[in-house]
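Chemist: After the structure tokens below, expect a handful of questions from me.
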Amino acid sequence: MEPANARNHFSKRKYDDADSPPQPPPAFRSNGSVTNNSVDLSLLEAIEKSQNSVEALDLRTLKKLVLAFERRLKENIEARLKYSNQPDRFADSELELHEELQKLKILAGAPELYPDLVGLNVVPSIVDLLNHDNTDIAIDVVQLLQDLTDEDVLDDNDEPAKVLVDALIENSVLELLVQNLHRLNDSDPDESAAIYATLATIENLIEVKPPVAELVCEKTKLLKWLLGKIKVREFDGNKQYASEILAILLQSSTANQKRLGQMNGVDVVLQAVAMYKSRDPKSSDEEEMLENLFDCLCCLLMPLENKERFVKAEGVELMIIIMKQKKLAYGSAIRALDFAMTKYPPACERFVDVLGLKTAFAAFMGKIPVNKKNKKERYQEELEERIVSLISSLFGGILRGSRRERLLSKFVENECEKIDRLMELYMRYSDRVKAEAERLNEVELDDLEMDDDEKYNRKLEAGLYTLQLIAVILGHIWCSEHPQMRGRIELLLKQNKLSKNHLKDILQEYHDNIGDLDGPEEKERAQSKIQKFISALE
């Protein structure tokens, strides 16, 4: 079961890492570097006054700000060229440049002026300062860009936002942001905050212009930096944010999924996940990071070549170990296995070979570990649906031989208890889909038109897809021609006042709605398999 993306929504996060909190605007020492001990109070007062007058910001004020900035920039360039070996001689110009960059932050209060900002041709000068020899100036620019592109600022300002983002990208902001990222040190509080601000800015740019997700991976070494960050054993806020940005980059881009796979990304993500095979995260932030890492893994497992890498890197074995340890990542491991085994027989075969059936069927029978997370009803339902999908993939990937026999034997043992469980799920999801179909019919009576595709999608959301997979599993079992299992299925259908026709109807609807996303030949093959089940139930 592979949805279009592994995670459809990533909420914006605020910088709240206790180990490296964001710092206030720093003052500069005479050599041009930063000190936190002597904050320029007059500067802060000036900024506060500027912020209080945001409503008065207009084109005239904008031009004055830009002119002052360009003047200070020119003076700094000249001072650095003239006194290149005497930092104390250009320190004042550096401080003045810093002050002008801080003042530009008030533009975030008037995003409608962004097209004018671009028109004044100041964007190239701002972006180029990411290359500045003084890291603190580059950090100022990063913080400015984060403020200007903040989601709250850009709400209801789509067009001005696009104008600014286009101008930033045209002036190589992606390349320079990532280039600067490589020279920042997480152990320094200011630089750690700047790392966060850089990631936030990239996320903001993607929010405004989604193609940036692929562009930043094509043009920069961001993926390499993110992999390096999630490799680190110690947890911190920036590692958490790195995992989130990586998931965002992967969730809707096959190109990025393949690119990261070629960079040994599958192995790196597996190593990051393996740190939690026998222990739980220590905080809710660390727990969120672990979920992000599994989101990354599931996205990576969509291209076929990455499924192969997953199997070679012993990813199947690791997921089974995580399930056996019954830690917080239990459900995430099942999800990853589901992605790995969908339409990929080698993963299914490996799963059986390393004795994964016992672990999977324990989950199928409802024997799941109890913790604060899986007490939630929806979580348990998602787990059920994943396990049903996983077992369906096993039947689809293992068609003959001793592995097939071992899979089928699971439904015979303990007096066919797993068929009982299968039919219990069949009835529950059948009732749910029936209720949704009746609700949709009532909606139509209220003169709210709904086409067949929309009604079908609504039923899928209500559980029809899982019901179809259960019917497919029952079809595989029926076609094994095992008398005990067939007898059990017929008995349970009769007890629920149903016949085989009910099962056939579910399979027929599934057959009729198989799409051609994987090509016409694959569609024909899939429909032929379902038709075989329908014919066998005659």
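Starting from 1 in every chain, residues are counted up; chains themselves are A, B, ... following the order of the structure tokens, and ligands are numbered from 1 as listed.
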Find the nearest atom pair between each residue of segment 432-528 of chain A and segment 411-424 of chain A for residues within 9 Å, count only C-alpha atoms, give distances in Å to one decimal, sort rows by chain and ascending number, and present the table as a tab-separated table.

Modeler:
```
residue	atom	partner	partner_atom	distance
A:Ile470	CA	A:Leu422	CA	6.9
A:Ile473	CA	A:Leu422	CA	8.7
A:Leu474	CA	A:Leu422	CA	8.1
A:Ile477	CA	A:Phe411	CA	8.3
A:Gln484	CA	A:Val412	CA	7.6
A:Met485	CA	A:Val412	CA	6.7
A:Arg488	CA	A:Ile419	CA	7.3
A:Ile489	CA	A:Ile419	CA	7.1
A:Leu492	CA	A:Met423	CA	7.0
A:Leu493	CA	A:Met423	CA	7.9
```

Chemist: Go ahead and dump the residues you just picked, C-alpha atoms, as a PDB file, in the first residue's frame.

Modeler:
```pdb
ATOM      1  CA  ILE A 470      -8.882  -8.640   2.561  1.00  0.00           C
ATOM      2  CA  ILE A 473      -6.230 -12.486   0.481  1.00  0.00           C
ATOM      3  CA  LEU A 474      -9.385 -14.586   0.762  1.00  0.00           C
ATOM      4  CA  ILE A 477      -6.660 -18.761   0.117  1.00  0.00           C
ATOM      5  CA  GLN A 484     -10.376 -27.019   5.539  1.00  0.00           C
ATOM      6  CA  MET A 485      -9.740 -23.361   4.718  1.00  0.00           C
ATOM      7  CA  ARG A 488     -14.039 -22.257   7.184  1.00  0.00           C
ATOM      8  CA  ILE A 489     -14.581 -19.312   4.824  1.00  0.00           C
ATOM      9  CA  LEU A 492     -18.120 -17.785   8.446  1.00  0.00           C
ATOM     10  CA  LEU A 493     -19.860 -16.192   5.464  1.00  0.00           C
TER      11      LEU A 493
END
```

Chemist: Would you pick out the contacts of segment 191-206 of chain A at 6 Å or less, using only C-alpha atoms, so that residues sharing its chain but fewer than 4 positions from it are not included, and give the list as a list in words?

Modeler: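 Here the qualifying residues turn out to be Pro22, Ile139, Gln146, Thr149, Leu184, Asn185, Asp186, Pro210, Val212 and Ala213 of chain A.
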
Chemist: Counting only C-alpha atoms, which residues of segment 237-260 of chain A sit at most 8 Å from some atom of segment 218-226 of chain A, and what is each one's closest atom pair with its distance in Å to one decimal, listed by chain and rising residue number, as CSV?

Modeler:
```
residue,atom,partner,partner_atom,distance
A:Ala242,CA,A:Leu226,CA,5.8
A:Ser243,CA,A:Leu226,CA,7.4
A:Leu246,CA,A:Leu226,CA,6.7
A:Leu260,CA,A:Leu223,CA,7.1
```

Chemist: Could you save the residues just selected, with C-alpha atoms, as a PDB file, in the first residue's frame?

Modeler:
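Below you can see part_32.pdb, which holds the result:
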```pdb
ATOM      1  CA  ALA A 242      17.224  18.100   9.175  1.00  0.00           C
ATOM      2  CA  SER A 243      15.152  14.890   9.264  1.00  0.00           C
ATOM      3  CA  LEU A 246      14.788  15.549   4.195  1.00  0.00           C
ATOM      4  CA  LEU A 260      19.334   9.958  -2.494  1.00  0.00           C
TER       5      LEU A 260
END
```

Chemist: When DSSP is applied to the backbone of this structure, which of segment 261-398 of chain A are assigned alpha helix (DSSP H)? Write them out as a PDB file with C-alpha atoms, in the first residue's frame.

Modeler:
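Output file states-v9.pdb is given in full below:
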```pdb
ATOM      1  CA  GLY A 261      19.299   6.224  -3.181  1.00  0.00           C
ATOM      2  CA  GLN A 262      22.346   6.638  -5.418  1.00  0.00           C
ATOM      3  CA  GLY A 265      20.855   7.202   1.367  1.00  0.00           C
ATOM      4  CA  VAL A 266      18.923   4.003   2.107  1.00  0.00           C
ATOM      5  CA  ASP A 267      21.809   2.655   4.161  1.00  0.00           C
ATOM      6  CA  VAL A 268      22.309   5.971   6.019  1.00  0.00           C
ATOM      7  CA  VAL A 269      18.622   6.253   6.954  1.00  0.00           C
ATOM      8  CA  LEU A 270      18.613   2.620   8.094  1.00  0.00           C
ATOM      9  CA  GLN A 271      21.636   3.333  10.309  1.00  0.00           C
ATOM     10  CA  ALA A 272      19.849   6.357  11.792  1.00  0.00           C
ATOM     11  CA  VAL A 273      16.738   4.279  12.489  1.00  0.00           C
ATOM     12  CA  ALA A 274      18.819   1.397  13.915  1.00  0.00           C
ATOM     13  CA  SER A 284       8.629  14.178  22.142  1.00  0.00           C
ATOM     14  CA  ASP A 285      11.022  16.078  19.822  1.00  0.00           C
ATOM     15  CA  GLU A 286      13.215  13.008  19.436  1.00  0.00           C
ATOM     16  CA  GLU A 287      10.092  10.930  18.851  1.00  0.00           C
ATOM     17  CA  GLU A 288       9.079  13.310  16.049  1.00  0.00           C
ATOM     18  CA  MET A 289      12.544  12.975  14.521  1.00  0.00           C
ATOM     19  CA  LEU A 290      12.230   9.186  14.502  1.00  0.00           C
ATOM     20  CA  GLU A 291       8.887   9.475  12.701  1.00  0.00           C
ATOM     21  CA  ASN A 292      10.511  11.822  10.183  1.00  0.00           C
ATOM     22  CA  LEU A 293      13.265   9.260   9.567  1.00  0.00           C
ATOM     23  CA  PHE A 294      10.688   6.557   8.882  1.00  0.00           C
ATOM     24  CA  ASP A 295       8.852   8.965   6.560  1.00  0.00           C
ATOM     25  CA  CYS A 296      12.161   9.366   4.700  1.00  0.00           C
ATOM     26  CA  LEU A 297      12.622   5.609   4.547  1.00  0.00           C
ATOM     27  CA  CYS A 298       9.106   4.998   3.210  1.00  0.00           C
ATOM     28  CA  CYS A 299       9.551   7.673   0.532  1.00  0.00           C
ATOM     29  CA  LEU A 300      12.887   6.150  -0.432  1.00  0.00           C
ATOM     30  CA  LEU A 304      12.167  -0.148  -7.367  1.00  0.00           C
ATOM     31  CA  GLU A 305      15.958   0.267  -7.235  1.00  0.00           C
ATOM     32  CA  ASN A 306      15.744   1.502  -3.643  1.00  0.00           C
ATOM     33  CA  LYS A 307      13.714  -1.535  -2.615  1.00  0.00           C
ATOM     34  CA  GLU A 308      16.649  -3.597  -3.883  1.00  0.00           C
ATOM     35  CA  ARG A 309      19.088  -1.490  -1.865  1.00  0.00           C
ATOM     36  CA  PHE A 310      16.882  -1.929   1.207  1.00  0.00           C
ATOM     37  CA  VAL A 311      16.980  -5.716   0.921  1.00  0.00           C
ATOM     38  CA  LYS A 312      20.762  -5.747   0.312  1.00  0.00           C
ATOM     39  CA  GLY A 315      16.572  -3.572   6.007  1.00  0.00           C
ATOM     40  CA  VAL A 316      14.021  -6.395   6.224  1.00  0.00           C
ATOM     41  CA  GLU A 317      15.936  -7.977   9.095  1.00  0.00           C
ATOM     42  CA  LEU A 318      16.247  -4.640  10.922  1.00  0.00           C
ATOM     43  CA  MET A 319      12.492  -3.967  10.695  1.00  0.00           C
ATOM     44  CA  ILE A 320      11.733  -7.427  12.095  1.00  0.00           C
ATOM     45  CA  ILE A 321      14.158  -6.829  14.977  1.00  0.00           C
ATOM     46  CA  ILE A 322      12.431  -3.500  15.734  1.00  0.00           C
ATOM     47  CA  MET A 323       9.053  -5.274  15.749  1.00  0.00           C
ATOM     48  CA  LYS A 324      10.347  -7.979  18.072  1.00  0.00           C
ATOM     49  CA  GLN A 325      11.735  -5.394  20.497  1.00  0.00           C
ATOM     50  CA  TYR A 330       6.966  -0.935  16.106  1.00  0.00           C
ATOM     51  CA  GLY A 331       4.227   0.492  13.860  1.00  0.00           C
ATOM     52  CA  SER A 332       6.715   2.467  11.759  1.00  0.00           C
ATOM     53  CA  ALA A 333       8.678  -0.729  11.058  1.00  0.00           C
ATOM     54  CA  ILE A 334       5.502  -2.414   9.779  1.00  0.00           C
ATOM     55  CA  ARG A 335       4.865   0.594   7.538  1.00  0.00           C
ATOM     56  CA  ALA A 336       8.388   0.440   6.106  1.00  0.00           C
ATOM     57  CA  LEU A 337       8.038  -3.294   5.410  1.00  0.00           C
ATOM     58  CA  ASP A 338       4.729  -2.622   3.675  1.00  0.00           C
ATOM     59  CA  PHE A 339       6.417  -0.119   1.340  1.00  0.00           C
ATOM     60  CA  ALA A 340       9.374  -2.442   0.733  1.00  0.00           C
ATOM     61  CA  MET A 341       7.265  -5.501  -0.115  1.00  0.00           C
ATOM     62  CA  PRO A 345       8.887 -10.245  -4.587  1.00  0.00           C
ATOM     63  CA  PRO A 346      12.568 -10.351  -3.419  1.00  0.00           C
ATOM     64  CA  ALA A 347      11.610  -8.427  -0.268  1.00  0.00           C
ATOM     65  CA  CYS A 348       8.698 -10.829   0.330  1.00  0.00           C
ATOM     66  CA  GLU A 349      10.994 -13.835  -0.094  1.00  0.00           C
ATOM     67  CA  ARG A 350      13.588 -12.389   2.282  1.00  0.00           C
ATOM     68  CA  PHE A 351      10.842 -11.701   4.820  1.00  0.00           C
ATOM     69  CA  VAL A 352       9.781 -15.350   4.847  1.00  0.00           C
ATOM     70  CA  ASP A 353      13.389 -16.614   4.841  1.00  0.00           C
ATOM     71  CA  GLY A 356       9.221 -12.756   9.630  1.00  0.00           C
ATOM     72  CA  LEU A 357       5.865 -14.569   9.318  1.00  0.00           C
ATOM     73  CA  LYS A 358       5.604 -15.278  13.056  1.00  0.00           C
ATOM     74  CA  THR A 359       6.166 -11.608  13.931  1.00  0.00           C
ATOM     75  CA  ALA A 360       3.791 -10.319  11.234  1.00  0.00           C
ATOM     76  CA  PHE A 361       0.962 -12.676  12.124  1.00  0.00           C
ATOM     77  CA  ALA A 362       1.264 -11.862  15.820  1.00  0.00           C
ATOM     78  CA  ALA A 363       0.508  -8.253  14.811  1.00  0.00           C
ATOM     79  CA  PHE A 364      -2.262  -9.454  12.495  1.00  0.00           C
ATOM     80  CA  GLU A 377      -7.885   3.935  18.189  1.00  0.00           C
ATOM     81  CA  ARG A 378      -6.874   5.439  14.843  1.00  0.00           C
ATOM     82  CA  TYR A 379      -3.269   4.275  15.324  1.00  0.00           C
ATOM     83  CA  GLN A 380      -4.467   0.700  15.822  1.00  0.00           C
ATOM     84  CA  GLU A 381      -6.645   0.921  12.730  1.00  0.00           C
ATOM     85  CA  GLU A 382      -3.710   2.171  10.651  1.00  0.00           C
ATOM     86  CA  LEU A 383      -1.637  -0.716  11.964  1.00  0.00           C
ATOM     87  CA  GLU A 384      -4.360  -3.186  10.977  1.00  0.00           C
ATOM     88  CA  GLU A 385      -4.534  -1.715   7.503  1.00  0.00           C
ATOM     89  CA  ARG A 386      -0.740  -1.869   7.090  1.00  0.00           C
ATOM     90  CA  ILE A 387      -0.614  -5.500   8.215  1.00  0.00           C
ATOM     91  CA  VAL A 388      -3.437  -6.435   5.823  1.00  0.00           C
ATOM     92  CA  SER A 389      -1.532  -4.705   3.007  1.00  0.00           C
ATOM     93  CA  LEU A 390       1.688  -6.470   3.998  1.00  0.00           C
ATOM     94  CA  ILE A 391       0.029  -9.915   3.956  1.00  0.00           C
ATOM     95  CA  SER A 392      -1.595  -9.103   0.610  1.00  0.00           C
ATOM     96  CA  SER A 393       1.872  -8.186  -0.734  1.00  0.00           C
ATOM     97  CA  LEU A 394       3.239 -11.496   0.555  1.00  0.00           C
ATOM     98  CA  PHE A 395       0.577 -13.414  -1.351  1.00  0.00           C
ATOM     99  CA  GLY A 396       1.228 -11.311  -4.453  1.00  0.00           C
ATOM    100  CA  GLY A 397       5.005 -11.732  -4.245  1.00  0.00           C
TER     101      GLY A 397
END
```

Chemist: Can you work out the spacing between atom CA of Lys229 of chain A and atom CA of Val173 of chain A in Å, to one decimal?

Modeler: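 One can read the atom CA of Lys229 of chain A to atom CA of Val173 of chain A distance as 21.2 Å.
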
Chemist: Need to verify the contact set: Tyr114 of chain A, 8 Å, only C-alpha atoms, exclusion of same-chain residues closer than 2 positions in sequence. Can you return it as a PyMOL selection string?

Modeler: chain A and resi 110-112+116-118+160-161+163-164
